[in-house]
$ cat entry.tsv   # TSV, C-alpha atoms
chain	number	residue	atom	x	y	z
A	184	MET	CA	-4.01	42.32	30.05
A	185	LEU	CA	-1.46	39.67	29.22
A	186	LYS	CA	1.37	41.50	30.97
A	187	ASN	CA	-0.57	41.62	34.22
A	188	ASN	CA	-1.77	38.05	34.05
A	189	LYS	CA	1.21	36.25	35.54
A	190	ILE	CA	-0.86	33.18	36.39
A	191	TRP	CA	-1.92	32.82	32.77
A	192	LEU	CA	1.69	33.10	31.60
A	193	LEU	CA	2.78	30.52	34.17
A	194	ILE	CA	0.03	28.11	33.09
A	195	ASN	CA	1.14	28.39	29.46
A	196	LEU	CA	4.80	27.86	30.34
A	197	VAL	CA	3.88	24.73	32.30
A	198	SER	CA	1.66	23.51	29.46
A	199	PHE	CA	4.31	23.90	26.78
A	200	GLY	CA	6.88	22.42	29.16
A	201	LEU	CA	4.73	19.31	29.60
A	202	VAL	CA	4.29	18.98	25.84
A	203	ALA	CA	8.06	19.27	25.34
A	204	LEU	CA	8.87	16.75	28.10
A	205	SER	CA	6.31	14.28	26.78
A	206	SER	CA	8.34	13.97	23.58
A	207	LEU	CA	10.97	12.12	25.59
A	208	GLN	CA	8.55	9.21	25.97
A	209	SER	CA	7.27	8.99	22.39
A	210	LYS	CA	6.71	11.10	19.31
A	211	ASN	CA	2.98	10.58	19.57
A	212	LEU	CA	2.45	11.78	23.13
A	213	PRO	CA	3.08	15.52	22.48
A	214	ILE	CA	0.52	15.39	19.67
A	215	LYS	CA	-2.10	13.94	22.00
A	216	LEU	CA	-1.23	16.12	25.00
A	217	SER	CA	-1.32	19.38	23.02
A	218	VAL	CA	-4.80	18.66	21.66
A	219	TYR	CA	-6.07	17.60	25.11
A	220	LEU	CA	-4.80	20.84	26.64
A	221	GLY	CA	-6.26	22.80	23.72
A	222	ILE	CA	-9.70	21.27	24.29
A	223	LEU	CA	-9.45	21.98	28.03
A	224	TYR	CA	-8.61	25.65	27.47
A	225	LEU	CA	-11.30	25.94	24.80
A	226	CYS	CA	-13.89	24.62	27.28
A	227	LEU	CA	-12.73	27.14	29.89
A	228	SER	CA	-12.95	29.98	27.37
A	229	MET	CA	-16.56	29.08	26.53
A	230	ILE	CA	-18.00	28.81	30.04
A	231	PRO	CA	-20.77	31.45	30.17
A	232	LYS	CA	-21.32	33.76	33.15
A	233	ASN	CA	-25.00	32.88	33.27
A	234	LEU	CA	-24.05	29.30	34.12
A	235	ALA	CA	-24.02	30.54	37.72
A	236	LEU	CA	-27.81	30.86	37.59
A	237	ILE	CA	-28.29	27.09	37.51
A	238	LEU	CA	-25.47	26.12	39.89
A	239	PRO	CA	-25.65	25.58	43.66
A	240	ALA	CA	-24.88	28.60	45.86
A	241	ASN	CA	-21.39	27.39	46.74
A	242	LEU	CA	-20.44	27.14	43.04
A	243	LYS	CA	-21.96	30.32	41.68
A	244	LYS	CA	-18.76	32.38	41.78
A	245	TRP	CA	-16.44	30.21	39.71
A	246	PRO	CA	-18.13	30.72	36.26
A	247	GLN	CA	-17.81	34.49	36.71
A	248	TYR	CA	-14.19	34.14	37.82
A	249	VAL	CA	-13.28	31.92	34.84
A	250	ALA	CA	-15.15	34.26	32.47
A	251	LYS	CA	-12.75	37.10	33.40
A	252	TYR	CA	-9.96	35.15	31.72
A	253	LYS	CA	-12.07	34.02	28.78
A	254	ARG	CA	-9.88	35.63	26.15
A	255	ASP	CA	-6.68	34.37	27.77
A	256	PHE	CA	-7.94	30.79	27.79
A	257	GLY	CA	-9.02	31.21	24.17
A	258	ILE	CA	-5.52	32.32	23.21
A	259	SER	CA	-4.06	29.33	25.06
A	260	ALA	CA	-6.42	26.99	23.21
A	261	GLY	CA	-5.45	28.45	19.85
A	262	LEU	CA	-1.74	28.16	20.61
A	263	MET	CA	-2.15	24.55	21.69
A	264	PHE	CA	-4.12	23.64	18.57
A	265	LEU	CA	-1.45	25.21	16.37
A	266	THR	CA	1.22	23.31	18.30
A	267	HIS	CA	-0.75	20.10	17.80
A	268	ALA	CA	-1.09	20.77	14.06
A	269	SER	CA	2.63	21.49	13.69
A	270	LEU	CA	3.71	18.37	15.58
A	271	ALA	CA	1.22	16.13	13.78
A	272	TRP	CA	2.20	17.47	10.37
A	273	ASN	CA	5.87	16.97	11.15
A	274	LEU	CA	5.29	13.33	12.06
A	275	PHE	CA	2.59	12.29	9.60
A	276	GLY	CA	2.21	15.12	7.12
A	277	ASP	CA	2.98	15.45	3.47
A	278	PHE	CA	2.67	18.50	1.21
A	279	LYS	CA	1.37	16.39	-1.65
A	280	LEU	CA	-2.22	17.11	-2.67
A	281	ASP	CA	-3.40	13.54	-2.13
A	282	PHE	CA	-2.54	13.93	1.56
A	283	ILE	CA	-3.74	17.52	2.02
A	284	PHE	CA	-7.14	16.70	0.53
A	285	ARG	CA	-7.81	13.74	2.81
A	286	GLY	CA	-11.07	14.19	4.72
A	287	GLU	CA	-9.60	14.41	8.20
A	288	ILE	CA	-6.90	16.85	7.05
A	289	ILE	CA	-9.32	19.20	5.28
A	290	LEU	CA	-11.56	19.38	8.36
A	291	GLY	CA	-8.55	20.06	10.58
A	292	LEU	CA	-7.29	22.80	8.28
A	293	LEU	CA	-10.71	24.50	8.24
A	294	ALA	CA	-10.83	24.44	12.05
A	295	ASN	CA	-7.30	25.83	12.27
A	296	ILE	CA	-8.11	28.66	9.85
A	297	ILE	CA	-10.83	29.76	12.26
A	298	PHE	CA	-8.53	29.44	15.28
A	299	VAL	CA	-5.79	31.47	13.56
A	300	ALA	CA	-8.27	34.22	12.65
A	301	LEU	CA	-9.43	34.38	16.26
A	302	LEU	CA	-5.86	34.36	17.57
A	303	LEU	CA	-4.83	37.26	15.34
A	304	THR	CA	-7.81	39.34	16.48
A	305	SER	CA	-7.64	38.52	20.21
A	306	ASN	CA	-6.35	41.97	21.17
A	307	GLN	CA	-7.75	45.38	22.07
A	308	TRP	CA	-6.66	46.96	18.78
A	309	SER	CA	-8.64	44.47	16.70
A	310	LYS	CA	-11.63	44.90	19.00
A	311	LYS	CA	-11.61	48.67	18.44
A	312	VAL	CA	-11.17	48.36	14.69
A	313	LEU	CA	-13.76	45.64	14.12
A	314	LYS	CA	-16.27	47.03	16.65
A	315	LYS	CA	-19.51	45.02	16.42
A	316	ASN	CA	-17.97	42.71	13.84
A	317	TRP	CA	-15.46	41.52	16.45
A	318	LYS	CA	-18.15	39.57	18.32
A	319	ARG	CA	-19.57	38.28	15.05
A	320	LEU	CA	-16.14	36.97	14.12
A	321	HIS	CA	-15.40	35.36	17.47
A	322	ILE	CA	-18.72	33.58	17.69
A	323	LEU	CA	-17.37	31.46	14.81
A	324	VAL	CA	-15.35	29.56	17.39
A	325	TRP	CA	-18.49	27.45	17.78
A	326	ALA	CA	-18.30	26.58	14.08
A	327	ALA	CA	-14.78	25.25	14.64
A	328	VAL	CA	-15.97	22.78	17.30
A	329	PRO	CA	-17.64	20.20	14.97
A	330	LEU	CA	-14.84	20.58	12.43
A	331	ALA	CA	-12.26	19.89	15.13
A	332	PHE	CA	-14.38	17.06	16.53
A	333	PHE	CA	-14.56	15.19	13.23
A	334	HIS	CA	-10.90	15.88	12.53
A	335	SER	CA	-9.88	14.58	15.95
A	336	SER	CA	-12.08	11.48	15.67
A	337	LEU	CA	-10.97	10.56	12.15
A	338	ALA	CA	-7.31	11.39	12.74
A	339	GLY	CA	-7.38	9.36	15.95
A	340	MET	CA	-8.85	6.43	14.06
A	341	TYR	CA	-6.37	6.55	11.17
A	342	TYR	CA	-3.20	7.78	12.86
A	343	GLN	CA	-3.49	6.53	16.44
A	344	ASN	CA	-5.80	3.58	15.78
A	345	GLU	CA	-8.15	4.73	18.51
A	346	LEU	CA	-10.91	7.19	19.25
A	347	SER	CA	-9.65	9.15	22.24
A	348	ARG	CA	-12.12	9.12	25.10
A	349	ILE	CA	-10.54	12.25	26.54
A	350	ALA	CA	-11.12	14.16	23.30
A	351	LEU	CA	-14.69	12.85	23.01
A	352	VAL	CA	-15.47	13.96	26.58
A	353	GLY	CA	-13.95	17.37	25.87
A	354	PHE	CA	-15.97	17.94	22.71
A	355	GLY	CA	-19.06	16.59	24.45
A	356	SER	CA	-18.58	19.23	27.14
A	357	LEU	CA	-18.47	21.94	24.48
A	358	TYR	CA	-21.72	20.69	22.95
A	359	LEU	CA	-23.27	20.68	26.43
A	360	LEU	CA	-22.22	24.29	27.02
A	361	ALA	CA	-23.91	25.30	23.76
A	362	PHE	CA	-27.04	23.35	24.71
A	363	ILE	CA	-27.19	25.04	28.13
A	364	GLN	CA	-27.38	28.41	26.39
A	365	LEU	CA	-30.77	27.39	24.99
A	366	PHE	CA	-32.18	27.65	28.51
A	367	PHE	CA	-31.21	31.33	28.50
A	368	LYS	CA	-32.78	31.90	25.07
A	369	LYS	CA	-29.38	32.24	23.44
A	370	TRP	CA	-29.74	29.95	20.46
A	371	GLN	CA	-26.92	31.31	18.26
A	372	HIS	CA	-24.17	29.06	19.65
A	373	PHE	CA	-26.19	25.89	19.33
A	374	ALA	CA	-27.43	26.85	15.85
A	375	ILE	CA	-23.86	27.48	14.65
A	376	ILE	CA	-22.77	24.10	15.97
A	377	VAL	CA	-25.67	22.33	14.23
A	378	VAL	CA	-24.91	24.06	10.91
A	379	SER	CA	-21.19	23.30	11.18
A	380	TRP	CA	-21.96	19.68	12.08
A	381	LEU	CA	-24.15	19.33	8.99
A	382	ILE	CA	-21.48	20.93	6.80
A	383	SER	CA	-18.90	18.48	8.16
A	384	ILE	CA	-21.19	15.52	7.46
A	385	ILE	CA	-21.86	16.77	3.93
A	386	ILE	CA	-18.14	17.25	3.22
A	387	ILE	CA	-17.34	13.74	4.42
A	388	SER	CA	-20.31	11.95	2.88
A	389	VAL	CA	-20.00	13.62	-0.54
A	390	PHE	CA	-16.24	13.67	-0.99
A	391	TYR	CA	-15.06	10.96	1.42
A	392	PRO	CA	-17.80	8.29	1.75
A	393	GLN	CA	-15.36	5.57	2.81
A	394	THR	CA	-14.13	7.80	5.63
A	395	LEU	CA	-17.69	8.15	6.95
A	396	THR	CA	-18.08	4.37	6.85
A	397	ASP	CA	-14.83	3.88	8.75
A	398	PHE	CA	-15.91	6.47	11.33
A	399	ASN	CA	-19.26	4.82	11.95
A	400	GLU	CA	-17.57	1.46	12.37
A	401	SER	CA	-15.15	2.90	14.91
A	402	LEU	CA	-18.00	4.39	16.94
A	403	ASN	CA	-19.72	0.98	16.91
A	404	PRO	CA	-16.91	-1.54	17.17
A	405	SER	CA	-17.66	-5.24	17.15
A	406	SER	CA	-15.66	-7.74	19.13
A	407	SER	CA	-14.58	-9.56	16.01
A	408	SER	CA	-15.17	-9.75	12.31
A	409	SER	CA	-14.30	-12.06	9.48
A	410	SER	CA	-14.37	-11.81	5.75
A	411	SER	CA	-14.23	-14.54	3.17
A	412	ILE	CA	-11.69	-13.65	0.52
A	413	SER	CA	-11.63	-15.43	-2.80
A	414	SER	CA	-8.08	-15.16	-4.07
A	415	SER	CA	-5.66	-16.09	-6.80
A	416	SER	CA	-1.86	-15.77	-6.90
A	417	SER	CA	0.71	-15.01	-9.58
A	418	ASN	CA	1.36	-18.79	-9.73
A	419	SER	CA	-2.21	-19.27	-11.09
A	420	GLN	CA	-3.41	-20.79	-7.82
A	421	SER	CA	-6.94	-19.90	-6.79
A	422	LEU	CA	-8.55	-20.99	-3.57
A	423	SER	CA	-11.10	-19.50	-1.22
A	424	SER	CA	-9.93	-18.53	2.24
A	425	SER	CA	-11.56	-17.05	5.29
A	426	VAL	CA	-9.41	-14.56	7.12
A	427	SER	CA	-10.50	-13.86	10.69
A	428	SER	CA	-9.20	-10.71	12.37
A	429	SER	CA	-9.43	-9.95	16.09
A	430	ILE	CA	-10.60	-6.43	16.70
A	431	ASN	CA	-9.24	-4.69	19.74
A	432	GLN	CA	-10.61	-1.50	21.31
A	433	SER	CA	-8.31	0.68	19.23
A	434	ILE	CA	-8.80	-0.84	15.77
A	435	SER	CA	-12.21	-1.41	14.24
A	436	SER	CA	-12.66	-3.20	10.97
A	437	SER	CA	-15.62	-4.80	9.29
A	438	SER	CA	-16.13	-6.95	6.21
A	439	SER	CA	-17.69	-4.04	4.32
A	440	SER	CA	-14.67	-1.76	4.76
A	441	THR	CA	-12.26	-4.60	4.10
A	442	SER	CA	-13.91	-5.54	0.83
A	443	SER	CA	-13.59	-1.95	-0.40
A	444	LEU	CA	-9.82	-2.09	0.11
A	445	VAL	CA	-9.01	-5.67	-0.83
A	446	SER	CA	-9.60	-7.02	-4.30
A	447	SER	CA	-10.11	-10.77	-4.57
A	448	SER	CA	-7.83	-11.00	-7.58
A	449	GLU	CA	-4.88	-9.48	-5.74
A	450	ILE	CA	-4.57	-11.77	-2.72
A	451	ALA	CA	-2.83	-15.10	-2.90
A	452	THR	CA	-3.90	-18.22	-1.08
A	453	PRO	CA	-2.70	-18.46	2.54
A	454	SER	CA	-0.94	-21.75	1.79
A	455	ASN	CA	1.60	-19.97	-0.42
A	456	ASN	CA	5.25	-19.93	0.48
A	457	ILE	CA	6.92	-16.79	-0.80
A	458	SER	CA	10.65	-16.34	-1.20
A	459	SER	CA	12.58	-13.17	-0.44
A	460	SER	CA	13.17	-12.65	-4.15
A	461	GLN	CA	9.43	-12.86	-4.88
A	462	LEU	CA	8.80	-10.32	-2.15
A	463	ALA	CA	11.44	-8.00	-3.56
A	464	ASP	CA	9.88	-8.20	-7.05
A	465	ASN	CA	6.64	-6.67	-5.78
A	466	LYS	CA	7.82	-3.18	-4.94
A	467	SER	CA	5.79	-0.89	-7.19
A	468	SER	CA	2.69	1.20	-6.65
A	469	ALA	CA	0.83	-1.28	-8.88
A	470	ASN	CA	1.89	-4.26	-6.77
A	471	CYS	CA	3.19	-3.45	-3.30
A	472	TRP	CA	4.00	-6.33	-0.95
A	473	VAL	CA	5.55	-6.12	2.53
A	474	SER	CA	6.55	-8.73	5.08
A	475	PHE	CA	5.95	-8.57	8.80
A	476	ASP	CA	6.70	-11.34	11.29
A	477	LYS	CA	7.49	-13.72	8.40
A	478	LYS	CA	4.10	-13.17	6.77
A	479	VAL	CA	3.64	-11.40	3.44
A	480	TYR	CA	0.89	-8.90	2.72
A	481	ASN	CA	-0.27	-7.25	-0.51
A	482	VAL	CA	-0.91	-3.66	0.63
A	483	THR	CA	-1.45	-2.16	-2.82
A	484	ASN	CA	-5.00	-1.08	-2.04
A	485	TYR	CA	-3.94	0.25	1.37
A	486	LEU	CA	-1.47	2.76	-0.06
A	487	SER	CA	-3.99	5.60	-0.23
A	488	ARG	CA	-5.20	4.97	3.32
A	489	HIS	CA	-1.80	4.74	5.01
A	490	PRO	CA	-1.80	7.33	7.83
A	491	GLY	CA	1.79	8.36	7.17
A	492	GLY	CA	1.06	8.96	3.52
A	493	ARG	CA	1.34	6.93	0.33
A	494	THR	CA	5.02	7.82	-0.17
A	495	GLU	CA	6.11	6.40	3.18
A	496	LEU	CA	4.48	3.04	2.55
A	497	LEU	CA	5.84	2.89	-1.01
A	498	ARG	CA	9.36	3.06	0.39
A	499	ALA	CA	8.69	-0.17	2.29
A	500	CYS	CA	7.35	-2.11	-0.70
A	501	GLY	CA	9.21	-5.35	-1.34
A	502	THR	CA	10.87	-5.39	2.07
A	503	GLU	CA	10.51	-6.79	5.59
A	504	ILE	CA	9.11	-4.06	7.83
A	505	ASP	CA	9.77	-5.62	11.26
A	506	SER	CA	12.56	-3.17	12.08
A	507	LEU	CA	10.61	-0.21	10.72
A	508	SER	CA	7.58	-1.07	12.83
A	509	ASN	CA	9.59	-0.62	16.01
A	510	ASN	CA	9.64	3.11	15.32
A	511	HIS	CA	6.29	3.26	13.52
A	512	GLN	CA	4.28	6.30	14.72
A	513	GLY	CA	6.63	6.89	17.62
A	514	GLY	CA	6.70	3.23	18.66
A	515	ASN	CA	3.03	3.34	19.61
A	516	PHE	CA	2.02	0.11	17.83
A	517	ASP	CA	2.63	-3.39	19.12
A	518	SER	CA	2.82	-6.36	16.80
A	519	SER	CA	-0.78	-7.45	17.39
A	520	ARG	CA	-2.08	-4.07	16.24
A	521	ILE	CA	0.02	-4.14	13.10
A	522	GLN	CA	-1.16	-7.67	12.34
A	523	ASN	CA	-4.78	-6.59	12.77
A	524	ILE	CA	-4.26	-3.84	10.22
A	525	LEU	CA	-2.41	-6.05	7.75
A	526	GLY	CA	-4.52	-9.17	8.28
A	527	PRO	CA	-6.99	-8.68	5.39
A	528	PHE	CA	-4.09	-8.26	2.95
A	529	TYR	CA	-2.39	-11.58	3.77
A	530	VAL	CA	-0.69	-13.30	0.83
A	531	GLY	CA	1.42	-16.08	2.31
A	532	ASP	CA	4.41	-17.01	4.45
A	533	LEU	CA	7.96	-15.79	3.86
A	534	VAL	CA	10.43	-18.65	3.52

$ encode --input "entry.tsv" --output "structure tokens"
Amino acid sequence: MLKNNKIWLLINLVSFGLVALSSLQSKNLPIKLSVYLGILYLCLSMIPKNLALILPANLKKWPQYVAKYKRDFGISAGLMFLTHASLAWNLFGDFKLDFIFRGEIILGLLANIIFVALLLTSNQWSKKVLKKNWKRLHILVWAAVPLAFFHSSLAGMYYQNELSRIALVGFGSLYLLAFIQLFFKKWQHFAIIVVSWLISIIIISVFYPQTLTDFNESLNPSSSSSSSISSSSSNSQSLSSSVSSSINQSISSSSSSTSSLVSSSEIATPSNNISSSQLADNKSSANCWVSFDKKVYNVTNYLSRHPGGRTELLRACGTEIDSLSNNHQGGNFDSSRIQNILGPFYVGDLV
């Protein structure tokens, strides 16, 4: 089938070419583009033939035409998701257990395990060997949808500082396709999605409760938030300060999530002037300070949440990170975004 499908081969060559060319603009863009293309191909692979029954007469033929290349589109989706995983891991990943067992990573790995299993069995030989079990295996693609959805949403929030509307529309389309099947008394797809959704929620809520809180806040962003932080410094100064952070569309933060990361005893009063030597003294995992735009931040409690991994942030402890931020996550962050992230951890001004 694949040898005769020249159009399919051409589409894949163009897709991988676009992903490769996008890397010339930024390191982040290929990661986004590969997952967008993967979702598109996954949607095309899941369009049912019976969709023609509820479409206007002039559109009845295209679901049947697309269905002929269902397996090909499924293979394309799997290849794109694996490309996305490889690129993302190369940029953000770490083989340490504290990174691998993050909520968004676990969900992504589970989804990719399903996609790999489907990729390896997307051939005539496997279909003959597995017989009826082949369909039972491939229906699990619907179980991968919620896993991939939560992974994409959480990873977008932590690593890109945004929930991608394109990804949300794509996953929403997949849920709609499963829902449409209910009208044809085919409930299996929708039931699998519901079960997988519940499993994802249980995994996050039981093992990663803070992640679920962050996710809910990102889905319901507020225009601004402020938190009152009672603080004391190493110089025995203790004053109360109110730190107001502007929340843009990409970064959502609330006082509840901030308080879980920032301890009142670790933040110095905003009136503090901090010397370069003081900054350099705080370079351990127990007390990690960084400076950005001549302001100093105590990011000790942010170490475990850093998208690039704890190790990467530890390397910056005790230093000015202005030059590093220019290349941070492929240069995708501007200074206002970085300041919004660091704002709750403000210690004082660098002099």

$ atom_distance --input "entry.tsv" --atom1 "CA of Ile297 in chain A" --atom2 "CA of Trp325 in chain A"
9.7 Å

$ closest_residue --input "entry.tsv" --among "A:Leu270, A:Ala294, A:Val328, A:Ile194" --to "Met229 in chain A" --atoms "only C-alpha atoms"
A:Val328

$ closest_residue --input "entry.tsv" --among "A:Ala240, A:Ile222, A:Ala463, A:Leu216" --to "Ala260 in chain A" --atoms "only C-alpha atoms"
A:Ile222

$ closest_residue --input "entry.tsv" --among "A:Tyr219, A:Trp308, A:Phe528, A:Phe332" --to "Leu201 in chain A" --atoms "all atoms listed in the file"
A:Tyr219

$ atom_distance --input "entry.tsv" --atom1 "CA of Ser506 in chain A" --atom2 "CA of Ser474 in chain A"
10.8 Å

$ closest_residue --input "entry.tsv" --among "A:Phe366, A:Tyr480, A:Phe333, A:Trp191" --to "Phe354 in chain A" --atoms "all atoms listed in the file"
A:Phe333

$ atom_distance --input "entry.tsv" --atom1 "CA of Tyr529 in chain A" --atom2 "CA of Asn470 in chain A"
13.5 Å

$ closest_residue --input "entry.tsv" --among "A:Thr304, A:Asp464, A:Leu525, A:Asp532" --to "Val479 in chain A" --atoms "all atoms listed in the file"
A:Asp532

$ closest_residue --input "entry.tsv" --among "A:Ile214, A:Leu320, A:Leu496, A:Ile387" --to "Arg285 in chain A" --atoms "only C-alpha atoms"
A:Ile387

$ axis_aligned_box --input "entry.tsv" --around "range 309-322 of chain A" --padding-each-side "5 Å" --output "JSON"
{"center_x": -14.1, "center_y": 41.1, "center_z": 16.4, "size_x": 20.9, "size_y": 25.1, "size_z": 15.2}

$ residues_near_point --input "entry.tsv" --point "(-20.8, 19.0, 14.5)" --cutoff "12 Å" --atoms "only C-alpha atoms" --output "JSON, numbers by chain"
{"A": [290, 294, 325, 326, 327, 328, 329, 330, 331, 332, 333, 334, 335, 336, 354, 355, 357, 358, 361, 372, 373, 374, 375, 376, 377, 378, 379, 380, 381, 382, 383, 384, 385, 386, 387]}
